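Data from model-v1.cif: mmCIF, C-alpha atoms
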```
data_upload
loop_
_atom_site.label_atom_id
_atom_site.label_comp_id
_atom_site.auth_asym_id
_atom_site.auth_seq_id
_atom_site.Cartn_x
_atom_site.Cartn_y
_atom_site.Cartn_z
CA MET A 145 38.94 133.56 47.00
CA LEU A 146 37.00 130.48 46.03
CA LYS A 147 38.34 128.75 49.16
CA VAL A 148 37.21 131.71 51.28
CA ARG A 149 33.80 131.57 49.61
CA ASP A 150 33.55 127.85 50.41
CA GLY A 151 34.10 128.49 54.12
CA ALA A 152 37.85 128.49 54.82
CA PRO A 153 38.76 131.96 56.18
CA ASP A 154 42.57 131.51 56.22
CA PRO A 155 43.23 132.17 52.50
CA LEU A 156 41.77 135.64 53.06
CA GLY A 157 45.09 136.44 54.77
CA LEU A 158 46.87 135.82 51.47
CA LEU A 159 44.45 138.09 49.62
CA PHE A 160 44.92 140.75 52.27
CA GLU A 161 48.71 140.62 51.94
CA ARG A 162 48.45 140.84 48.15
CA TYR A 163 45.92 143.66 47.90
CA LYS A 164 46.24 145.76 51.05
CA LYS A 165 48.68 148.18 49.45
CA PRO A 166 46.77 148.85 46.20
CA LEU A 167 43.54 149.19 48.20
CA TYR A 168 45.20 151.56 50.63
CA GLY A 169 46.59 153.55 47.68
CA PHE A 170 43.11 153.73 46.16
CA PHE A 171 41.54 155.02 49.37
CA TYR A 172 44.42 157.33 50.15
CA GLY A 173 44.15 158.75 46.64
CA LEU A 174 40.50 159.51 47.33
CA THR A 175 40.62 160.66 50.94
CA ARG A 176 44.20 161.84 51.59
CA GLU A 177 43.84 160.53 55.14
CA LYS A 178 46.03 157.69 56.30
CA ASP A 179 43.97 156.40 59.23
CA LEU A 180 40.71 156.70 57.34
CA SER A 181 42.22 154.85 54.36
CA GLU A 182 43.29 152.01 56.63
CA ASP A 183 39.81 151.84 58.15
CA LEU A 184 38.28 151.71 54.68
CA VAL A 185 40.64 148.86 53.69
CA GLN A 186 39.51 147.00 56.80
CA ASN A 187 35.86 147.67 55.95
CA THR A 188 36.43 146.38 52.44
CA PHE A 189 37.74 143.06 53.75
CA LEU A 190 34.86 142.88 56.21
CA ARG A 191 32.46 143.20 53.29
CA ILE A 192 34.41 140.62 51.28
CA LEU A 193 33.82 138.19 54.15
CA LYS A 194 30.20 139.20 54.48
CA TYR A 195 29.42 138.87 50.79
CA LYS A 196 31.84 136.06 49.90
CA HIS A 197 28.93 133.88 48.74
CA LEU A 198 28.25 136.41 45.97
CA PHE A 199 31.66 135.90 44.38
CA ARG A 200 30.93 133.61 41.46
CA GLY A 201 34.55 132.92 40.62
CA GLU A 202 34.00 133.73 36.97
CA GLY A 203 35.50 137.23 36.83
CA ASP A 204 38.60 138.86 38.19
CA PHE A 205 38.81 138.98 42.00
CA ARG A 206 40.58 142.35 41.90
CA ALA A 207 37.72 143.91 39.93
CA TRP A 208 35.18 142.47 42.39
CA MET A 209 37.25 143.77 45.30
CA PHE A 210 37.46 147.30 43.83
CA HIS A 211 33.73 147.22 43.20
CA ILE A 212 33.27 146.61 46.93
CA ALA A 213 35.93 149.20 47.78
CA ARG A 214 34.08 151.78 45.74
CA ASN A 215 30.85 151.04 47.57
CA VAL A 216 32.67 151.26 50.92
CA ASN A 217 33.98 154.70 49.93
CA ASN A 218 30.57 155.88 48.71
CA ASP A 219 28.92 154.69 51.94
CA HIS A 220 31.54 156.48 53.96
CA TYR A 221 30.84 159.77 52.18
CA ARG A 222 27.11 159.23 52.41
CA LYS A 223 27.39 158.91 56.19
CA LYS A 224 29.56 161.98 56.34
CA ARG A 225 27.23 164.07 54.20
CA ILE A 226 25.80 165.84 57.27
CA ASN A 227 29.18 167.30 57.97
CA ALA A 228 30.03 167.77 54.30
CA LYS A 229 29.76 171.55 54.34
CA GLU A 230 32.03 171.78 57.33
CA GLU A 231 34.53 169.46 55.72
CA LEU A 232 34.44 171.42 52.48
CA GLU A 233 35.24 174.62 54.35
CA ASP A 234 38.14 172.89 56.12
CA TRP A 235 39.39 171.54 52.83
CA GLN A 236 39.18 174.98 51.18
CA ASP A 237 41.03 176.54 54.11
CA LYS A 238 43.68 173.88 53.78
CA LEU A 239 43.90 174.40 50.04
CA GLY A 240 44.05 178.18 50.40
CA HIS A 241 46.84 177.79 52.91
CA GLN A 242 48.75 175.50 50.54
CA GLU A 243 48.26 177.82 47.60
CA ASN A 244 49.47 180.82 49.53
CA SER A 245 52.46 179.03 50.91
CA SER A 246 54.96 179.80 48.19
CA THR A 247 57.85 178.15 50.03
CA GLU A 248 55.99 174.86 50.12
CA MET A 249 55.19 175.15 46.44
CA GLN A 250 58.75 175.85 45.58
CA ARG A 251 59.91 172.78 47.41
CA ALA A 252 57.41 170.59 45.65
CA ASP A 253 58.91 168.39 42.99
CA GLU A 254 57.08 166.99 39.99
CA HIS A 255 55.47 164.16 41.91
CA GLN A 256 54.27 166.40 44.66
CA LEU A 257 52.79 168.77 42.10
CA LEU A 258 51.02 165.92 40.38
CA SER A 259 49.80 164.67 43.71
CA MET A 260 48.39 168.08 44.48
CA ALA A 261 46.77 168.25 41.06
CA MET A 262 45.15 164.87 41.69
CA GLU A 263 43.88 166.16 45.00
CA ARG A 264 42.08 169.00 43.22
CA LEU A 265 40.31 166.81 40.71
CA PRO A 266 36.60 166.12 41.29
CA LEU A 267 36.06 162.84 43.12
CA ASP A 268 34.62 160.94 40.13
CA LYS A 269 37.60 161.85 37.93
CA ARG A 270 40.09 161.02 40.65
CA GLU A 271 38.34 157.71 41.17
CA VAL A 272 38.49 156.68 37.53
CA LEU A 273 42.20 157.50 37.35
CA LEU A 274 42.90 155.53 40.54
CA LEU A 275 40.91 152.58 39.23
CA SER A 276 42.84 152.77 35.96
CA LYS A 277 46.08 152.73 37.96
CA TYR A 278 45.22 149.92 40.36
CA GLN A 279 43.29 147.87 37.82
CA GLU A 280 46.28 148.15 35.51
CA LYS A 281 44.28 149.79 32.70
CA LYS A 282 41.91 146.88 32.31
CA TYR A 283 39.13 149.11 31.03
CA GLN A 284 36.61 146.36 30.53
CA GLU A 285 36.86 145.37 34.20
CA ILE A 286 36.74 149.02 35.26
CA GLY A 287 33.57 149.24 33.18
CA GLU A 288 32.11 146.38 35.24
CA ILE A 289 32.99 148.24 38.43
CA LEU A 290 31.52 151.54 37.24
CA GLY A 291 28.61 150.00 35.40
CA CYS A 292 29.44 151.32 31.93
CA SER A 293 31.03 150.19 28.67
CA GLU A 294 34.74 149.87 28.01
CA GLY A 295 34.57 152.79 25.56
CA ALA A 296 32.80 154.96 28.12
CA VAL A 297 35.56 154.19 30.65
CA LYS A 298 38.20 155.28 28.15
CA VAL A 299 36.37 158.54 27.59
CA LYS A 300 36.12 159.08 31.36
CA VAL A 301 39.87 158.47 31.71
CA PHE A 302 40.51 160.83 28.78
CA ARG A 303 38.47 163.60 30.37
CA ALA A 304 40.04 163.04 33.79
CA LEU A 305 43.54 163.20 32.31
CA GLN A 306 42.61 166.33 30.34
CA GLU A 307 41.47 168.05 33.52
CA LEU A 308 44.48 166.79 35.47
CA LYS A 309 46.74 168.25 32.81
CA GLU A 310 44.97 171.60 33.11
CA VAL A 311 45.16 171.69 36.92
CA TYR A 312 48.80 170.65 36.76
CA ARG A 313 49.59 173.51 34.35
CA GLN A 314 47.88 176.04 36.60
CA LEU A 315 49.83 174.82 39.62
CA GLU A 316 53.03 174.90 37.61
CA LYS A 317 52.41 178.54 36.62
CA ARG A 318 51.99 179.52 40.25
CA MET A 319 55.31 178.02 41.27
CA MET B 390 36.36 158.45 9.53
CA GLU B 391 39.38 158.06 7.32
CA LYS B 392 42.67 157.01 8.83
CA ASN B 393 44.34 160.16 7.64
CA LEU B 394 41.79 162.35 9.38
CA ILE B 395 42.21 160.36 12.61
CA ALA B 396 45.99 160.68 12.39
CA GLU B 397 45.60 164.42 11.82
CA LEU B 398 43.34 164.76 14.87
CA ILE B 399 45.84 162.82 17.02
CA SER B 400 48.66 164.96 15.70
CA LYS B 401 46.79 168.18 16.50
CA PHE B 402 45.95 166.94 19.99
CA ASN B 403 49.55 165.93 20.72
CA GLY B 404 50.67 169.31 19.42
CA GLY B 405 48.26 171.02 21.81
CA VAL B 406 46.36 172.78 19.03
CA ALA B 407 43.11 170.78 18.92
CA ASN B 408 39.97 172.93 19.27
CA PRO B 409 36.93 171.91 21.41
CA LYS B 410 35.11 170.45 18.42
CA GLU B 411 38.11 168.32 17.52
CA ILE B 412 38.46 167.18 21.13
CA GLN B 413 34.81 166.14 21.05
CA ALA B 414 35.50 164.16 17.89
CA ILE B 415 38.50 162.50 19.57
CA GLU B 416 36.26 161.48 22.48
CA GLN B 417 33.86 159.80 20.08
CA LEU B 418 36.73 158.00 18.36
CA ILE B 419 38.05 156.83 21.73
CA GLU B 420 34.64 155.47 22.69
CA SER B 421 34.31 153.60 19.38
CA GLY B 422 37.82 152.18 19.73
CA SER B 423 39.28 154.03 16.70
CA ILE B 424 41.74 155.88 18.92
CA GLU B 425 43.59 154.29 21.84
CA LEU B 426 44.52 156.39 24.85
CA ASP B 427 48.21 155.56 24.50
CA GLN B 428 48.21 157.28 21.10
CA LEU B 429 47.65 160.59 22.89
CA ILE B 430 51.23 161.03 24.01
CA VAL B 431 50.79 163.99 26.39
CA LEU B 432 48.06 162.22 28.30
CA GLU B 433 49.88 158.92 28.18
CA ASN B 434 52.92 160.50 29.83
CA LEU B 435 50.71 162.04 32.50
CA ASP B 436 48.97 158.73 33.07
CA GLN B 437 52.33 157.02 33.52
CA GLN B 438 53.31 159.62 36.09
CA VAL B 439 50.04 159.01 37.95
CA SER B 440 50.86 155.29 37.96
CA LYS B 441 54.20 156.06 39.56
CA LEU B 442 52.68 158.11 42.39
CA ASP B 443 53.32 156.22 45.58
CA ALA B 444 50.65 156.48 48.23
CA GLY B 445 52.90 154.78 50.79
CA SER B 446 52.09 151.68 52.73
CA PRO B 447 49.50 151.07 55.39
CA SER B 448 50.75 150.91 58.98
CA ARG B 449 50.89 147.91 61.34
CA ARG B 450 47.58 149.08 62.77
CA LEU B 451 45.82 147.79 59.67
CA ASP B 452 47.55 144.40 59.94
CA ASP B 453 46.58 144.14 63.61
CA GLN B 454 42.97 145.02 62.89
CA PHE B 455 42.72 142.65 59.98
CA TYR B 456 44.26 139.65 61.72
CA LYS B 457 41.98 140.20 64.73
CA LEU B 458 39.07 140.07 62.30
CA LEU B 459 40.47 136.93 60.71
CA ALA B 460 40.91 135.23 64.11
CA VAL B 461 37.30 135.99 65.02
CA GLU B 462 36.16 134.62 61.67
CA ARG B 463 38.29 131.48 62.09
CA ASN B 464 36.83 130.79 65.56
CA HIS B 465 33.37 131.37 64.20
CA HIS B 466 34.11 128.95 61.35
CA ILE B 467 35.45 126.27 63.76
CA SER B 468 32.52 126.57 66.15
CA LYS B 469 30.14 126.41 63.20
CA THR B 470 31.68 123.24 61.82
CA THR B 471 32.01 121.46 65.19
CA SER B 472 28.80 122.52 66.94
CA ILE B 473 26.15 119.88 67.48
CA PRO B 474 22.93 120.81 65.74
CA LYS B 475 20.10 121.63 68.09
CA ILE B 476 17.62 118.78 68.34
CA GLU B 477 14.04 119.73 67.67
CA TRP B 478 11.94 116.90 69.06
CA GLY B 479 8.81 118.21 67.44
CA ASN B 480 10.36 117.75 64.01
CA LEU B 481 11.99 114.46 64.91
CA PHE B 482 8.85 112.68 66.08
CA PRO B 483 7.37 112.02 62.60
CA ARG B 484 10.81 110.89 61.42
CA PHE B 485 11.12 108.42 64.31
CA ALA B 486 7.64 107.12 63.62
CA LEU B 487 8.47 106.61 59.95
CA ALA B 488 11.81 104.95 60.76
CA THR B 489 10.17 102.60 63.28
CA SER B 490 7.47 101.58 60.82
CA PHE B 491 10.12 100.86 58.18
CA LEU B 492 12.06 98.76 60.71
CA LEU B 493 8.98 96.71 61.63
CA VAL B 494 8.12 96.13 57.97
CA GLY B 495 11.70 95.04 57.39
CA LEU B 496 11.70 92.61 60.31
CA VAL B 497 8.38 91.04 59.36
CA GLY B 498 9.36 90.86 55.71
CA GLY B 499 12.71 89.40 56.63
CA PHE B 500 11.08 86.72 58.74
CA PHE B 501 8.81 85.55 55.93
CA LEU B 502 11.26 86.03 53.15
CA LYS B 503 14.11 84.29 54.91
CA SER B 504 16.49 83.12 52.25
CA PRO B 505 17.14 79.38 52.12
CA THR B 506 20.77 80.11 51.37
CA GLU B 507 21.17 82.02 54.64
CA ASP B 508 21.79 78.83 56.69
CA THR B 509 24.36 77.71 54.17
CA SER B 510 26.11 81.06 54.41
CA VAL B 511 26.21 80.89 58.21
CA LYS B 512 27.53 77.34 58.07
CA LEU B 513 30.18 78.37 55.59
CA LEU B 514 31.18 81.26 57.79
CA THR B 515 31.37 79.04 60.89
CA GLN B 516 33.47 76.57 58.97
CA GLN B 517 35.84 79.33 57.86
CA VAL B 518 36.19 80.60 61.44
CA GLY B 519 36.88 77.04 62.60
CA GLU B 520 39.60 76.62 59.98
CA LEU B 521 41.12 79.89 61.02
CA LYS B 522 41.17 78.81 64.66
CA GLU B 523 42.83 75.52 63.69
CA MET B 524 45.52 77.30 61.75
CA MET B 525 46.18 79.58 64.67
CA MET B 526 46.27 76.69 67.12
CA LEU B 527 48.73 74.66 64.99
CA SER B 528 50.94 77.69 64.60
CA MET B 529 50.91 78.39 68.35
CA LEU B 530 51.84 74.79 69.15
CA GLU B 531 55.15 75.41 67.37
CA LYS B 532 56.06 78.31 69.68
CA GLU B 533 58.96 78.05 72.09
CA SER B 534 57.01 79.43 75.00
CA ALA B 535 55.20 76.76 77.05
CA THR B 536 52.51 79.30 77.91
CA GLU B 537 51.79 79.85 74.21
CA ARG B 538 51.60 76.10 73.66
CA LEU B 539 49.23 75.77 76.62
CA LYS B 540 47.07 78.51 75.08
CA ALA B 541 47.09 76.59 71.80
CA VAL B 542 45.89 73.44 73.53
CA SER B 543 43.14 75.27 75.38
CA LEU B 544 42.11 76.92 72.13
CA SER B 545 41.50 73.51 70.63
CA SER B 546 39.29 72.63 73.59
CA ASP B 547 36.89 75.40 72.46
CA MET B 548 36.41 73.81 69.07
CA ASN B 549 33.26 71.78 68.49
CA GLN B 550 34.76 69.71 65.73
CA VAL B 551 38.43 69.24 64.97
CA SER B 552 40.22 67.87 61.98
CA GLN B 553 42.64 65.00 61.98
CA LYS B 554 45.41 67.54 61.72
CA VAL B 555 44.52 68.89 65.15
CA THR B 556 44.26 65.52 66.85
CA SER B 557 47.58 64.47 65.30
CA ALA B 558 49.17 67.68 66.55
CA LEU B 559 47.74 67.09 70.03
CA ILE B 560 49.00 63.51 70.09
CA LYS B 561 52.42 64.69 68.98
CA THR B 562 52.33 67.25 71.80
CA LEU B 563 51.30 64.53 74.29
CA ASN B 564 54.19 62.31 73.22
CA SER B 565 56.99 64.79 72.75
CA ASP B 566 56.37 68.16 74.43
CA GLU B 567 59.08 68.86 76.97
CA ASN B 568 56.67 70.53 79.39
CA VAL B 569 54.55 68.22 81.58
CA ASN B 570 51.74 70.76 81.96
CA VAL B 571 51.41 71.08 78.20
CA ARG B 572 51.31 67.31 77.84
CA LEU B 573 48.66 67.01 80.57
CA ALA B 574 46.59 69.73 78.89
CA ALA B 575 46.87 67.91 75.54
CA LEU B 576 45.71 64.70 77.20
CA ASP B 577 42.82 66.54 78.77
CA VAL B 578 41.66 67.73 75.34
CA LEU B 579 42.27 64.35 73.69
CA MET B 580 39.92 62.68 76.21
CA ASN B 581 37.09 64.40 74.33
CA TYR B 582 38.04 62.60 71.14
CA ALA B 583 38.73 59.19 72.71
CA LYS B 584 35.65 57.79 71.05
CA ASP B 585 37.61 57.97 67.81
CA SER B 586 39.38 54.60 67.44
CA ASP B 587 42.46 56.17 65.88
CA VAL B 588 42.84 58.64 68.74
CA ARG B 589 42.25 55.87 71.26
CA ALA B 590 44.94 53.71 69.64
CA GLU B 591 47.39 56.58 69.78
CA LEU B 592 46.57 57.14 73.45
CA ILE B 593 47.32 53.50 74.21
CA LYS B 594 50.63 53.72 72.36
CA SER B 595 51.52 56.83 74.32
CA ILE B 596 51.40 55.02 77.72
CA SER B 597 54.81 53.36 77.39
CA ILE B 598 56.38 56.50 75.87
CA GLN B 599 55.60 58.73 78.84
CA ASP B 600 58.23 59.29 81.52
CA SER B 601 56.33 61.74 83.71
CA PRO B 602 54.52 60.04 86.65
CA LEU B 603 51.68 62.57 86.42
CA VAL B 604 51.00 61.81 82.77
CA GLN B 605 51.40 58.06 83.36
CA ILE B 606 48.81 58.09 86.15
CA ALA B 607 46.46 60.31 84.10
CA LEU B 608 46.66 57.90 81.16
CA ALA B 609 46.07 54.86 83.40
CA GLU B 610 42.98 56.54 84.87
CA LEU B 611 41.74 57.39 81.40
CA MET B 612 42.09 53.77 80.27
CA VAL B 613 40.08 52.65 83.27
CA ALA B 614 37.46 55.26 82.51
CA LEU B 615 37.32 54.11 78.90
CA GLN B 616 37.42 50.44 79.93
CA GLU B 617 40.11 49.98 77.28
CA LYS B 618 41.42 46.44 77.72
CA LYS B 619 43.85 46.83 74.84
CA SER B 620 45.90 49.14 77.00
CA VAL B 621 46.87 46.43 79.49
CA SER B 622 49.94 45.33 77.55
CA GLU B 623 51.22 48.91 77.43
CA LEU B 624 50.54 49.39 81.10
CA LYS B 625 52.46 46.25 81.87
CA LYS B 626 55.44 47.65 79.96
CA LEU B 627 55.47 50.52 82.44
CA LEU B 628 55.42 48.06 85.31
CA ARG B 629 58.43 46.31 83.89
CA ASN B 630 60.30 49.55 83.37
CA GLU B 631 62.75 50.20 86.21
CA LYS B 632 62.48 53.94 85.80
CA THR B 633 58.76 53.97 86.61
CA ALA B 634 58.10 55.36 90.08
CA LYS B 635 56.84 53.00 92.79
CA GLU B 636 53.68 55.09 93.40
CA VAL B 637 52.89 54.96 89.70
CA LYS B 638 53.45 51.23 89.57
CA GLY B 639 50.96 50.80 92.44
CA LYS B 640 48.38 52.90 90.59
CA ILE B 641 48.95 51.00 87.35
CA GLU B 642 48.57 47.65 89.06
CA LYS B 643 45.22 48.76 90.45
CA SER B 644 44.17 49.96 87.00
CA ILE B 645 45.17 46.67 85.37
CA ASP B 646 43.13 44.83 87.99
CA VAL B 647 40.09 46.89 87.17
CA LEU B 648 40.56 46.43 83.43
CA ILE B 649 41.06 42.66 83.58
#
```
What would the structure in this file look like if it were written as structure tokens?
Amino acid sequence: MLKVRDGAPDPLGLLFERYKKPLYGFFYGLTREKDLSEDLVQNTFLRILKYKHLFRGEGDFRAWMFHIARNVNNDHYRKKRINAKEELEDWQDKLGHQENSSTEMQRADEHQLLSMAMERLPLDKREVLLLSKYQEKKYQEIGEILGCSEGAVKVKVFRALQELKEVYRQLEKRM
Amino acid sequence: MEKNLIAELISKFNGGVANPKEIQAIEQLIESGSIELDQLIVLENLDQQVSKLDAGSPSRRLDDQFYKLLAVERNHHISKTTSIPKIEWGNLFPRFALATSFLLVGLVGGFFLKSPTEDTSVKLLTQQVGELKEMMMLSMLEKESATERLKAVSLSSDMNQVSQKVTSALIKTLNSDENVNVRLAALDVLMNYAKDSDVRAELIKSISIQDSPLVQIALAELMVALQEKKSVSELKKLLRNEKTAKEVKGKIEKSIDVLI
């Protein structure tokens, strides 16, 4: 990244190859849309290029990248806020359809159930769990991304996992 | 909080029997670092399952988009590093004025502060170049190619002053080079140093050694030009030599007449 910052764009290809999948996973975990997730990955790398001079090289590149990714995601939802109500209704319709579809639920294995439970978590809780996953539980760095202490991150993860466990149980009961 | 109480809280939580107050206490202990998340086994298992969730991989579309972006950035980078900066004459004018004034000051200062050692340095440099030329010339005279030897001889004609080494090499060339043109060229150069008594003596000695009519005639003419009476005996040797051409003998006789 330091080479990219100093003006050579080629090493960005290496960073892209290394981080495109975790970034995609992060966005997909938040949006559940493949094309949108790819666009957000692309936007993240665009911003990395745009703000490369701000990378000081002292901290972890991955943490800096996820900080940008988070902003990209927030900006995306901010732009979409006008249509938020409409989207929420669509999402609820979709959810209602999934809940009523007993055959689909029956087919769902443990992972699918967990995936569905994740989908039903509030965005902030889903985000902290995805950051914990893709930042490999480096809570101090997640704290830098979220702007809070390491202890506060742990509490956020605790609460998110508590809620995930609850949603998972409810889904399990309905199966 | 005591360790036992913390262990009890963890145990209750893992057993699924912790009440809201106890959960609140656990949160505080997590924040302070007294409890680690991996101690809460149920949540730890869930967290591990979340880590195993595979979101799949992005499609080729993302690669295509990204590498297009990278190509644009690379071109931008190249054009930025190779582009000639735009000249702003307005900004340059004061710089030119300043540079010119510095140059003038330097020239004037240089003229008055001319170092006395400068002439010595130039002389030393000229001497070194001369020595280099000599070395090159002597080396070229040893070459098999007559053209190279001719070049060597003409190189010595450019020198203002030559060492004894060079004149000796030229005399040797005049006496023994197999090529007539090279010998004539050597003679042509040696004429310039004929004022030197040693060179002149060698030239006189060379008369009877020569077998080429052209060189013989050239030497006879040179002796006449130099009014060198000491050469008469050598010229007479040529006259007595049966191998000397008739035309040459006629020329030599005329030269001897002039010299006597």
Taking the file as I've supplied it (selection: the PyMOL selection byres ((chain A) within 9 of (chain B))), which residues are included? Please answer as a ChimeraX atom specification. /A:151-154,156-157,160-161,164-166,168-170,172-173,178-179,181-183,185-186,189-190,193,255-256,258-259,262,273-274,276-278,280,293-299,301-303,305-306,308-309
Could you jot down the CA of Tyr582 in chain B to CA of Glu523 in chain B separation for me, Å, one decimal place? 15.7 Å
For the provided coordinates, the residues matched by the PyMOL selection byres ((chain B and resi 634-641) around 12) should be stated as a PDB file with C-alpha atoms, keeping the file's coordinate frame.
```pdb
ATOM      1  CA  ILE B 596      51.400  55.020  77.720  1.00  0.00           C
ATOM      2  CA  SER B 597      54.810  53.360  77.390  1.00  0.00           C
ATOM      3  CA  GLN B 599      55.600  58.730  78.840  1.00  0.00           C
ATOM      4  CA  ASP B 600      58.230  59.290  81.520  1.00  0.00           C
ATOM      5  CA  SER B 601      56.330  61.740  83.710  1.00  0.00           C
ATOM      6  CA  PRO B 602      54.520  60.040  86.650  1.00  0.00           C
ATOM      7  CA  LEU B 603      51.680  62.570  86.420  1.00  0.00           C
ATOM      8  CA  VAL B 604      51.000  61.810  82.770  1.00  0.00           C
ATOM      9  CA  GLN B 605      51.400  58.060  83.360  1.00  0.00           C
ATOM     10  CA  ILE B 606      48.810  58.090  86.150  1.00  0.00           C
ATOM     11  CA  ALA B 607      46.460  60.310  84.100  1.00  0.00           C
ATOM     12  CA  LEU B 608      46.660  57.900  81.160  1.00  0.00           C
ATOM     13  CA  ALA B 609      46.070  54.860  83.400  1.00  0.00           C
ATOM     14  CA  GLU B 610      42.980  56.540  84.870  1.00  0.00           C
ATOM     15  CA  LEU B 611      41.740  57.390  81.400  1.00  0.00           C
ATOM     16  CA  MET B 612      42.090  53.770  80.270  1.00  0.00           C
ATOM     17  CA  VAL B 613      40.080  52.650  83.270  1.00  0.00           C
ATOM     18  CA  SER B 620      45.900  49.140  77.000  1.00  0.00           C
ATOM     19  CA  VAL B 621      46.870  46.430  79.490  1.00  0.00           C
ATOM     20  CA  SER B 622      49.940  45.330  77.550  1.00  0.00           C
ATOM     21  CA  GLU B 623      51.220  48.910  77.430  1.00  0.00           C
ATOM     22  CA  LEU B 624      50.540  49.390  81.100  1.00  0.00           C
ATOM     23  CA  LYS B 625      52.460  46.250  81.870  1.00  0.00           C
ATOM     24  CA  LYS B 626      55.440  47.650  79.960  1.00  0.00           C
ATOM     25  CA  LEU B 627      55.470  50.520  82.440  1.00  0.00           C
ATOM     26  CA  LEU B 628      55.420  48.060  85.310  1.00  0.00           C
ATOM     27  CA  ARG B 629      58.430  46.310  83.890  1.00  0.00           C
ATOM     28  CA  ASN B 630      60.300  49.550  83.370  1.00  0.00           C
ATOM     29  CA  GLU B 631      62.750  50.200  86.210  1.00  0.00           C
ATOM     30  CA  LYS B 632      62.480  53.940  85.800  1.00  0.00           C
ATOM     31  CA  THR B 633      58.760  53.970  86.610  1.00  0.00           C
ATOM     32  CA  GLU B 642      48.570  47.650  89.060  1.00  0.00           C
ATOM     33  CA  LYS B 643      45.220  48.760  90.450  1.00  0.00           C
ATOM     34  CA  SER B 644      44.170  49.960  87.000  1.00  0.00           C
ATOM     35  CA  ILE B 645      45.170  46.670  85.370  1.00  0.00           C
ATOM     36  CA  ASP B 646      43.130  44.830  87.990  1.00  0.00           C
ATOM     37  CA  VAL B 647      40.090  46.890  87.170  1.00  0.00           C
ATOM     38  CA  LEU B 648      40.560  46.430  83.430  1.00  0.00           C
TER      39      LEU B 648
END
```
Using the chain letters and residue numbers of this document, give as number ranges by chain the residues selected by the PyMOL selection byres ((chain A and resi 312) around 9). A: 257-258, 260-262, 307-311, 313-317
With C-alpha atoms retained, export the selected residues as a compact mmCIF listing (two decimals), in the coordinates of the input.
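Once written, again19.txt looks like this:
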```txt
# COMPACT_ATOMS: atom_id res chain seq x y z
CA LEU A 257 52.79 168.77 42.10
CA LEU A 258 51.02 165.92 40.38
CA MET A 260 48.39 168.08 44.48
CA ALA A 261 46.77 168.25 41.06
CA MET A 262 45.15 164.87 41.69
CA GLU A 307 41.47 168.05 33.52
CA LEU A 308 44.48 166.79 35.47
CA LYS A 309 46.74 168.25 32.81
CA GLU A 310 44.97 171.60 33.11
CA VAL A 311 45.16 171.69 36.92
CA ARG A 313 49.59 173.51 34.35
CA GLN A 314 47.88 176.04 36.60
CA LEU A 315 49.83 174.82 39.62
CA GLU A 316 53.03 174.90 37.61
CA LYS A 317 52.41 178.54 36.62
```
Rank nothing, just name the residue among A:His220, A:Lys300, A:Arg176, A:Arg206 nearest to Ile192 in chain A, using all atoms listed in the file. A:Arg206
Find the spatial neighbours of Arg214 in chain A, counting all atoms listed in the file, within a cut-off of 10 Å - ignore same-chain residues fewer than 3 positions away - and output them as an mmCIF file with C-alpha atoms, keeping the file's coordinate frame.
```cif
data_model
loop_
_atom_site.group_PDB
_atom_site.id
_atom_site.type_symbol
_atom_site.label_atom_id
_atom_site.label_comp_id
_atom_site.auth_asym_id
_atom_site.auth_seq_id
_atom_site.Cartn_x
_atom_site.Cartn_y
_atom_site.Cartn_z
ATOM 1 C CA PHE A 170 43.110 153.730 46.160
ATOM 2 C CA PHE A 171 41.540 155.020 49.370
ATOM 3 C CA LEU A 184 38.280 151.710 54.680
ATOM 4 C CA THR A 188 36.430 146.380 52.440
ATOM 5 C CA TRP A 208 35.180 142.470 42.390
ATOM 6 C CA MET A 209 37.250 143.770 45.300
ATOM 7 C CA PHE A 210 37.460 147.300 43.830
ATOM 8 C CA HIS A 211 33.730 147.220 43.200
ATOM 9 C CA ASN A 217 33.980 154.700 49.930
ATOM 10 C CA ASN A 218 30.570 155.880 48.710
ATOM 11 C CA ASP A 219 28.920 154.690 51.940
ATOM 12 C CA HIS A 220 31.540 156.480 53.960
ATOM 13 C CA GLU A 271 38.340 157.710 41.170
ATOM 14 C CA LEU A 275 40.910 152.580 39.230
ATOM 15 C CA ILE A 289 32.990 148.240 38.430
ATOM 16 C CA LEU A 290 31.520 151.540 37.240
#
```
In Å, rounded to a single decimal, give me how far CA of Val571 in chain B is from CA of Leu559 in chain B.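 That distance, rounded to one decimal, is 9.8 Å.
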d(CA of Arg270 in chain A, CA of Ile286 in chain A) in Å: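 Computing the Euclidean distance for CA of Arg270 in chain A and CA of Ile286 in chain A yields 13.6 Å.
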Extract, using all atoms listed in the file, all DNA, RNA and protein residues at most 12 Å from Gly519 in chain B, discarding same-chain residues fewer than 6 positions from it, and format them as a list of chain:residue names.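 Near Gly519 in chain B, the qualifying residues are B:Lys512, B:Leu513, B:Met525, B:Met526, B:Leu544, B:Ser545, B:Asp547, B:Met548, B:Asn549, B:Gln550, B:Val551, B:Ser552, B:Val555.
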When you count only C-alpha atoms, which of these residues is closest to Asp268 in chain A: A:Arg162, A:Gln284, A:Val216, A:Ala304? A:Ala304
